[in-house]
Amino acid sequence: MDYKNSGVDIEAGYKSVELMKEHVKATVRPEVLGGLGGFSGAFSMSGFMGMEKPTLVSGTDGVGTKIKLAFVLDKHDTVGIDCVAMCVNDIACAGAEPLFFLDYIACGKNIPEKIATIVSGVAEGCLQSGATLIGGETAEHPGLMPEDEYDLAGFAVGVVDEKDLITGADIAEGDVIVGIKSSGVHSNGFSLVRKIFGTTEADLNRYVDELGATVGETLLTPTRIYVKALKAIKDAGVRVKGASHITGGGFYENIPRMLPDGALARINKNSYDVPPIFKLMAKEGDVDEHVMYNTYNMGIGMMLAVNSADADKVVAAAKSAGDDALIIGDIVKGEKGVILC
C-alpha cells in the first residue's frame, strides 16, 4: 500500500505545478522575492515606503456554485478569473491597489491539465488586476469529493495610503452614484440560477436568441474586474467617497454597506438597460423583481458615490479603462438604506 493507492497522486501534483508555472510567471511583479515552489511567498514593501501611512487591505472569497456549470460543460479557464475578481474588487472598494493573490484548489482527483487550466484563469485575473499570483495550494481529497469535481477559493492583499482609504464616512446629500456595468451574473446567486435553468448539458447548451449565445456561455462569462477603472478615476484626480461591489445580496444589501448613517441611496432603475440574462431569469423562474435586485447585480457590478461635480469625470475615466459607466442615482437624507425608483 502507498499514498497513490489511497487516492493521492503526488506525481500528478508535481506535474500540475510544472504545467502552471508559465501562467504564474506572467503575473510576477518586481516586488516579489524568490521563486515558485517555496513554502511561502515573499513580497517586498520597500516600494510603498513613500506613503505616509501604508495600509494593507485584504479580502478572501470563492466562486461558489458557479463551478457546477464548469463541471457540466468541462470548461475550466474562466472560473479562476471569477475567483480573483471577487477578492480584488472587494479590496478595490477601499481604494487599495492589489499586490498579490493566493489560490486554493480542493479536488477529488488531481488531473494536472485541468488544474493548470483553472490556474490559467487565476493568472489571467491577476494580470487584469495587476496582482502577482504569489502562491497557492492544490489539495487532493479522495473519498471526500467526487473525482471530477473541485472547489476554488482565493485571498488577496492590497495597499493604500491611509489618507486615501475609501470609507463612505463623508457621503452626503447631493452626491451622485455612478454605476459601472457588469459583464453578466458574475459569481453570485448561482443556486437560484441552477434552479431556473437546470444543470444538464442540454440545459446549458440551449441557445437563446435574446442572449445571442447559449445559456451556459452567458452564465460562465467571467466576473468583471474593476481595479483599472478605479485606478483611472483616482488618476483623474477624483476622490471617490464610497464604493460598493454588487455581489450576493444585490442592491439592497451591498449599497448600504458604503453609506454613513442618515444617507439614503436613491437608484433610478430606468437609467440603464438591464441585461437580457436577468430578464430571462425573472421570466423563466417567475422571480419577483425585489428578489432579483436583492440577489443579483442586475447589470451594475460596482457603484461609486462621488461629488456631483465629479460625476462626468468619473464616467470618462472609467470608460478610458474600458468600462461602461453612467450616473444611476443620488444621495438624499433619510434612514441609511436604498430605494429603487
# chains A, B, ... in the order shown; residues from 1 in each chain; ligands from 1

call {"tool": "select_by_dssp", "arguments": {"residues": "stretch 55-118 of chain A", "states": "helix (DSSP H, G or I)", "output": "PyMOL selection string"}}
result
chain A and resi 64-73+79-92+112-118

call {"tool": "residues_around", "arguments": {"residues": "A:Lys53", "least_positions_apart": "5", "cutoff": "9 Å", "atoms": "only C-alpha atoms", "output": "PyMOL selection string"}}
result
chain A and resi 160-163

call {"tool": "write_last_selection", "arguments": {"atoms": "N, CA, C and O atoms", "output": "mmCIF file, in the first residue's frame"}}
result
data_model
loop_
_atom_site.group_PDB
_atom_site.id
_atom_site.type_symbol
_atom_site.label_atom_id
_atom_site.label_comp_id
_atom_site.auth_asym_id
_atom_site.auth_seq_id
_atom_site.Cartn_x
_atom_site.Cartn_y
_atom_site.Cartn_z
ATOM 1 N N VAL A 160 -2.894 50.713 0.391
ATOM 2 C CA VAL A 160 -3.384 52.066 0.146
ATOM 3 C C VAL A 160 -2.812 52.955 1.236
ATOM 4 O O VAL A 160 -2.598 52.505 2.365
ATOM 5 N N ASP A 161 -2.530 54.202 0.899
ATOM 6 C CA ASP A 161 -2.155 55.163 1.926
ATOM 7 C C ASP A 161 -3.392 55.435 2.771
ATOM 8 O O ASP A 161 -4.488 55.633 2.230
ATOM 9 N N GLU A 162 -3.234 55.438 4.079
ATOM 10 C CA GLU A 162 -4.396 55.563 4.970
ATOM 11 C C GLU A 162 -5.273 56.761 4.612
ATOM 12 O O GLU A 162 -6.502 56.698 4.682
ATOM 13 N N LYS A 163 -4.665 57.870 4.184
ATOM 14 C CA LYS A 163 -5.425 59.069 3.844
ATOM 15 C C LYS A 163 -6.292 58.872 2.609
ATOM 16 O O LYS A 163 -7.237 59.648 2.372
#

call {"tool": "select_by_dssp", "arguments": {"residues": "stretch 15-259 of chain A", "states": "strand (DSSP E or B)", "output": "number ranges by chain"}}
result
A: 32-33, 42-43, 54-62, 97-107, 132-140, 142, 145, 150-161, 176-181, 207-208, 213-214, 242-245

call {"tool": "residues_around", "arguments": {"residues": "A:Lys181", "least_positions_apart": "5", "cutoff": "10 Å", "atoms": "only C-alpha atoms", "output": "PyMOL selection string"}}
result
chain A and resi 224+226+272+274-275+297-303+323-326

call {"tool": "write_last_selection", "arguments": {"atoms": "C-alpha atoms", "output": "PDB file, in the first residue's frame"}}
result
ATOM      1  CA  ARG A 224     -15.670  41.961 -14.446  1.00  0.00           C
ATOM      2  CA  TYR A 226     -12.852  46.957 -11.744  1.00  0.00           C
ATOM      3  CA  TYR A 272     -29.758  51.941 -17.810  1.00  0.00           C
ATOM      4  CA  VAL A 274     -30.944  45.652 -17.560  1.00  0.00           C
ATOM      5  CA  PRO A 275     -29.045  42.924 -19.484  1.00  0.00           C
ATOM      6  CA  ASN A 297     -26.126  42.875  -9.726  1.00  0.00           C
ATOM      7  CA  MET A 298     -28.774  43.475 -12.418  1.00  0.00           C
ATOM      8  CA  GLY A 299     -26.131  44.813 -14.799  1.00  0.00           C
ATOM      9  CA  ILE A 300     -24.219  47.085 -12.401  1.00  0.00           C
ATOM     10  CA  GLY A 301     -21.195  45.453 -10.788  1.00  0.00           C
ATOM     11  CA  MET A 302     -19.695  48.447  -8.981  1.00  0.00           C
ATOM     12  CA  MET A 303     -21.281  51.616  -7.595  1.00  0.00           C
ATOM     13  CA  ASP A 323     -15.577  50.065 -18.608  1.00  0.00           C
ATOM     14  CA  ASP A 324     -19.056  51.421 -19.289  1.00  0.00           C
ATOM     15  CA  ALA A 325     -20.184  53.785 -16.548  1.00  0.00           C
ATOM     16  CA  LEU A 326     -23.156  56.094 -16.084  1.00  0.00           C
TER      17      LEU A 326
END

call {"tool": "closest_residue", "arguments": {"among": "A:Cys341, A:Val215, A:Cys83, A:Ile180", "to": "A:Ile277", "atoms": "only C-alpha atoms"}}
result
A:Val215

call {"tool": "residues_around", "arguments": {"residues": "A:Phe190", "least_positions_apart": "2", "cutoff": "10 Å", "atoms": "only C-alpha atoms", "output": "PDB file with N, CA and C atoms, in the first residue's frame"}}
result
ATOM      1  N   VAL A  63     -15.736  31.043  -5.690  1.00  0.00           N
ATOM      2  CA  VAL A  63     -16.568  31.147  -6.888  1.00  0.00           C
ATOM      3  C   VAL A  63     -17.982  30.660  -6.613  1.00  0.00           C
ATOM      4  N   GLY A  64     -18.155  29.903  -5.533  1.00  0.00           N
ATOM      5  CA  GLY A  64     -19.485  29.402  -5.210  1.00  0.00           C
ATOM      6  C   GLY A  64     -19.922  28.300  -6.159  1.00  0.00           C
ATOM      7  N   THR A  65     -21.229  28.130  -6.256  1.00  0.00           N
ATOM      8  CA  THR A  65     -21.754  27.007  -7.038  1.00  0.00           C
ATOM      9  C   THR A  65     -21.731  27.255  -8.546  1.00  0.00           C
ATOM     10  N   LYS A  66     -21.197  28.386  -8.971  1.00  0.00           N
ATOM     11  CA  LYS A  66     -20.994  28.617 -10.406  1.00  0.00           C
ATOM     12  C   LYS A  66     -20.095  27.534 -11.009  1.00  0.00           C
ATOM     13  N   ILE A  67     -19.199  26.987 -10.180  1.00  0.00           N
ATOM     14  CA  ILE A  67     -18.290  25.972 -10.719  1.00  0.00           C
ATOM     15  C   ILE A  67     -19.028  24.716 -11.170  1.00  0.00           C
ATOM     16  N   LYS A  68     -20.260  24.499 -10.690  1.00  0.00           N
ATOM     17  CA  LYS A  68     -21.050  23.356 -11.159  1.00  0.00           C
ATOM     18  C   LYS A  68     -21.239  23.422 -12.670  1.00  0.00           C
ATOM     19  N   LEU A  69     -21.397  24.637 -13.202  1.00  0.00           N
ATOM     20  CA  LEU A  69     -21.570  24.801 -14.642  1.00  0.00           C
ATOM     21  C   LEU A  69     -20.282  24.460 -15.378  1.00  0.00           C
ATOM     22  N   VAL A 185     -23.970  37.867 -14.825  1.00  0.00           N
ATOM     23  CA  VAL A 185     -24.390  37.454 -13.495  1.00  0.00           C
ATOM     24  C   VAL A 185     -23.225  37.469 -12.503  1.00  0.00           C
ATOM     25  N   HIS A 186     -22.004  37.469 -13.009  1.00  0.00           N
ATOM     26  CA  HIS A 186     -20.798  37.410 -12.172  1.00  0.00           C
ATOM     27  C   HIS A 186     -20.766  36.104 -11.385  1.00  0.00           C
ATOM     28  N   SER A 187     -20.590  36.116 -10.054  1.00  0.00           N
ATOM     29  CA  SER A 187     -20.386  34.854  -9.333  1.00  0.00           C
ATOM     30  C   SER A 187     -21.277  34.725  -8.103  1.00  0.00           C
ATOM     31  N   ASN A 188     -22.482  35.244  -8.202  1.00  0.00           N
ATOM     32  CA  ASN A 188     -23.384  35.191  -7.055  1.00  0.00           C
ATOM     33  C   ASN A 188     -24.772  34.714  -7.468  1.00  0.00           C
ATOM     34  N   LEU A 192     -29.815  29.723  -7.176  1.00  0.00           N
ATOM     35  CA  LEU A 192     -31.090  30.061  -7.822  1.00  0.00           C
ATOM     36  C   LEU A 192     -30.982  29.934  -9.336  1.00  0.00           C
ATOM     37  N   VAL A 193     -29.857  30.368  -9.893  1.00  0.00           N
ATOM     38  CA  VAL A 193     -29.635  30.239 -11.340  1.00  0.00           C
ATOM     39  C   VAL A 193     -29.811  28.791 -11.778  1.00  0.00           C
ATOM     40  N   ARG A 194     -29.241  27.872 -11.021  1.00  0.00           N
ATOM     41  CA  ARG A 194     -29.304  26.455 -11.393  1.00  0.00           C
ATOM     42  C   ARG A 194     -30.723  25.909 -11.267  1.00  0.00           C
ATOM     43  N   LYS A 195     -31.488  26.436 -10.327  1.00  0.00           N
ATOM     44  CA  LYS A 195     -32.900  26.035 -10.199  1.00  0.00           C
ATOM     45  C   LYS A 195     -33.705  26.507 -11.403  1.00  0.00           C
ATOM     46  N   ILE A 196     -33.373  27.702 -11.884  1.00  0.00           N
ATOM     47  CA  ILE A 196     -34.122  28.286 -13.004  1.00  0.00           C
ATOM     48  C   ILE A 196     -33.819  27.561 -14.311  1.00  0.00           C
ATOM     49  N   LEU A 219     -23.734  32.386 -18.806  1.00  0.00           N
ATOM     50  CA  LEU A 219     -23.553  32.285 -17.358  1.00  0.00           C
ATOM     51  C   LEU A 219     -22.093  32.132 -16.953  1.00  0.00           C
ATOM     52  N   GLY A 248     -23.376  39.067  -3.827  1.00  0.00           N
ATOM     53  CA  GLY A 248     -24.546  38.419  -3.253  1.00  0.00           C
ATOM     54  C   GLY A 248     -25.280  39.369  -2.322  1.00  0.00           C
ATOM     55  N   THR A 295     -30.667  39.894  -4.993  1.00  0.00           N
ATOM     56  CA  THR A 295     -29.816  38.727  -5.205  1.00  0.00           C
ATOM     57  C   THR A 295     -28.702  38.998  -6.214  1.00  0.00           C
ATOM     58  N   TYR A 296     -29.001  39.771  -7.251  1.00  0.00           N
ATOM     59  CA  TYR A 296     -28.083  39.926  -8.383  1.00  0.00           C
ATOM     60  C   TYR A 296     -27.654  41.372  -8.598  1.00  0.00           C
TER      61      TYR A 296
END

call {"tool": "closest_residue", "arguments": {"among": "A:Val332, A:Val157, A:Met51, A:Ile255", "to": "A:Glu97", "atoms": "only C-alpha atoms"}}
result
A:Val157

call {"tool": "closest_residue", "arguments": {"among": "A:Phe48, A:Tyr252, A:Phe197, A:Phe71", "to": "A:Met281", "atoms": "only C-alpha atoms"}}
result
A:Phe197

call {"tool": "closest_residue", "arguments": {"among": "A:Thr218, A:Thr55, A:Asn89, A:Thr138", "to": "A:Lys114", "atoms": "only C-alpha atoms"}}
result
A:Thr138

call {"tool": "closest_atom_pairs", "arguments": {"of": "stretch 55-101 of chain A", "to": "stretch 19-36 of chain A", "cutoff": "10 Å", "atoms": "only C-alpha atoms", "output": "CSV"}}
result
residue,atom,partner,partner_atom,distance
A:Leu99,CA,A:Arg29,CA,8.2
A:Phe100,CA,A:Arg29,CA,8.6
A:Phe101,CA,A:Thr27,CA,9.9

call {"tool": "write_last_selection", "arguments": {"atoms": "all heavy atoms", "output": "tab-separated table (two decimals), in the first residue's frame"}}
result
chain	number	residue	atom	x	y	z
A	99	LEU	N	-1.88	43.75	-4.60
A	99	LEU	CA	-0.46	43.43	-4.70
A	99	LEU	C	-0.23	41.98	-5.07
A	99	LEU	O	0.51	41.68	-6.00
A	99	LEU	CB	0.25	43.72	-3.37
A	99	LEU	CG	0.24	45.17	-2.89
A	99	LEU	CD1	0.91	45.28	-1.53
A	99	LEU	CD2	0.93	46.07	-3.91
A	100	PHE	N	-0.84	41.08	-4.30
A	100	PHE	CA	-0.65	39.67	-4.59
A	100	PHE	C	-1.89	38.86	-4.24
A	100	PHE	O	-2.76	39.32	-3.50
A	100	PHE	CB	0.61	39.10	-3.91
A	100	PHE	CG	0.67	39.28	-2.41
A	100	PHE	CD1	0.02	38.39	-1.56
A	100	PHE	CD2	1.40	40.31	-1.87
A	100	PHE	CE1	0.11	38.53	-0.19
A	100	PHE	CE2	1.49	40.47	-0.49
A	100	PHE	CZ	0.84	39.58	0.35
A	101	PHE	N	-1.93	37.65	-4.80
A	101	PHE	CA	-3.10	36.77	-4.69
A	101	PHE	C	-2.61	35.35	-4.46
A	101	PHE	O	-1.58	34.94	-4.99
A	101	PHE	CB	-3.91	36.84	-6.00
A	101	PHE	CG	-5.21	36.08	-5.96
A	101	PHE	CD1	-6.36	36.67	-5.46
A	101	PHE	CD2	-5.29	34.78	-6.44
A	101	PHE	CE1	-7.56	35.98	-5.41
A	101	PHE	CE2	-6.48	34.07	-6.40
A	101	PHE	CZ	-7.62	34.68	-5.88

call {"tool": "atom_distance", "arguments": {"atom1": "atom CA of A:Asn294", "atom2": "atom CA of A:Glu335"}}
result
18.3 Å

call {"tool": "residues_around", "arguments": {"residues": "A:Gly329", "least_positions_apart": "2", "cutoff": "7 Å", "atoms": "only C-alpha atoms", "output": "JSON, numbers by chain"}}
result
{"A": [176, 177, 266, 267, 268, 327]}

call {"tool": "residues_around", "arguments": {"residues": "stretch 84-87 of chain A", "least_positions_apart": "5", "cutoff": "7 Å", "atoms": "only C-alpha atoms", "output": "list of chain:residue names"}}
result
A:Gly59, A:Thr60, A:Asp61, A:Val122, A:Gly125, A:Cys126, A:Gly154, A:Phe155, A:Ala156, A:Thr223, A:Arg224, A:Ile225

call {"tool": "closest_residue", "arguments": {"among": "A:Gly249, A:Gly337, A:Gly168, A:Gly242", "to": "A:Leu264", "atoms": "only C-alpha atoms"}}
result
A:Gly337

call {"tool": "closest_residue", "arguments": {"among": "A:Ala243, A:Tyr293, A:Asp273, A:Gly179", "to": "A:Ile328", "atoms": "only C-alpha atoms"}}
result
A:Gly179
